[in-house]
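Notes follow the structure.
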Amino acid sequence: MSMKNRIKGYIISAILILLLISTAVMGYKKGYLNDVFRKDTQNIISKDSKEKTTVKTEPVYKDEVVLLNKGDSYMVEYDSEKVNGKSVPTLDYKYNVEYIDSYITRKLPSGMSVNYYRQEEKTELDSDNNFTSGYYYVVVEINMINMMQETYNLAPQSMVIGNFVDGVYKTIGEPRGIISEGMSDKGGIRMEYQQERNIKLCYVAADEYIDDNLVVKCKIEDRNKYKGEVPYLVISSEE
């Protein structure tokens, strides 16, 4: 093949790629692809069908949830019989959550080991892992008591930080560091009946999210999603 024909082939390939990209962008803007790229959308395949059904997570509104301030307590529980009409004791749990304290700082919290997931975060760190700009550490302290007559392994990684953007909850991320007694290498916290654990959770949040709408969603497991059950810990935006 001559050089001229090869160049012609490259030009045609480039044009086709540009056409595909422009078609995808146009489809997204018109909403044809919107559900595919939404973070709160799940594709579910039913047992008797190979077709995927798009299911959107219901939005969570600030004026419809339980908001806790420092010093407040709340009973977080899952009762399988109330939810599904059938008791499954292995799924049930009940914790008393007391909101002790929270603060926001650019300085690495004392004694906290933090995971950094994004390169942008790492570039804003000084030699002591303090943020110079762009991001803050958000630290939340809670006490939790296991109110069920069973031993449980609590997984605080499900307690995500978020922000009520225009009154609608948006998740920012999971804990980057956790301090608590009885925590295993896998991050589970062993709790006997009526045992209390003090738990410190550390998050990383960009400057744009640091305001009075910043909260920690005190979710124990994915199944406790129905309204009114999951409290939100309000984080003051003052450093």
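So you can find residues: chains in the structure tokens are A, B, ... in the order shown, residues in each start at 1, and ligands are numbered from 1 in order.
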
For this session: Write out as an MDAnalysis selection string each polymer residue whose atoms come within 10 Å of range 169-173 of chain A, counting only C-alpha atoms; drop sequence neighbours fewer than 6 positions from it.
Result: chainID A and resid 39:40 59:62 157:163 203:206 209 213:217

Problem set entry | DSSP helix (DSSP H, G or I) residues within range 158-210 of chain A, as a list in words | Ser158, Asp207, Glu208 and Tyr209 of chain A

Seminar exercise, completed: Students should find that CA of Pro156 in chain A and CA of Ser80 in chain A are spaced 20.6 Å

Exercise. So, counting only C-alpha atoms, which residue among A:Thr105, A:Glu150, A:Asn96, A:Tyr137 is closest to Asn198 in chain A?
Worked result: A:Asn96

Exercise. Hey, what's within 12 Å of range 140-143 of chain A if we count only C-alpha atoms and toss same-chain stuff fewer than 6 positions away? As a count of residues only, please?
Worked result: 53

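Taking only C-alpha atoms into account, Lys94 in chain A lies nearest to A:Ile220 out of the set A:Leu67, A:Leu20, A:Ile220, A:Met112.
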
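When CA of Gly85 in chain A is paired with CA of Lys219 in chain A, their separation reads 21.8 Å.
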
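Counting only C-alpha atoms, the residue from A:Ser127, A:Asn153, A:Tyr136, A:Glu64 that sits nearest to Tyr93 in chain A is A:Asn153.
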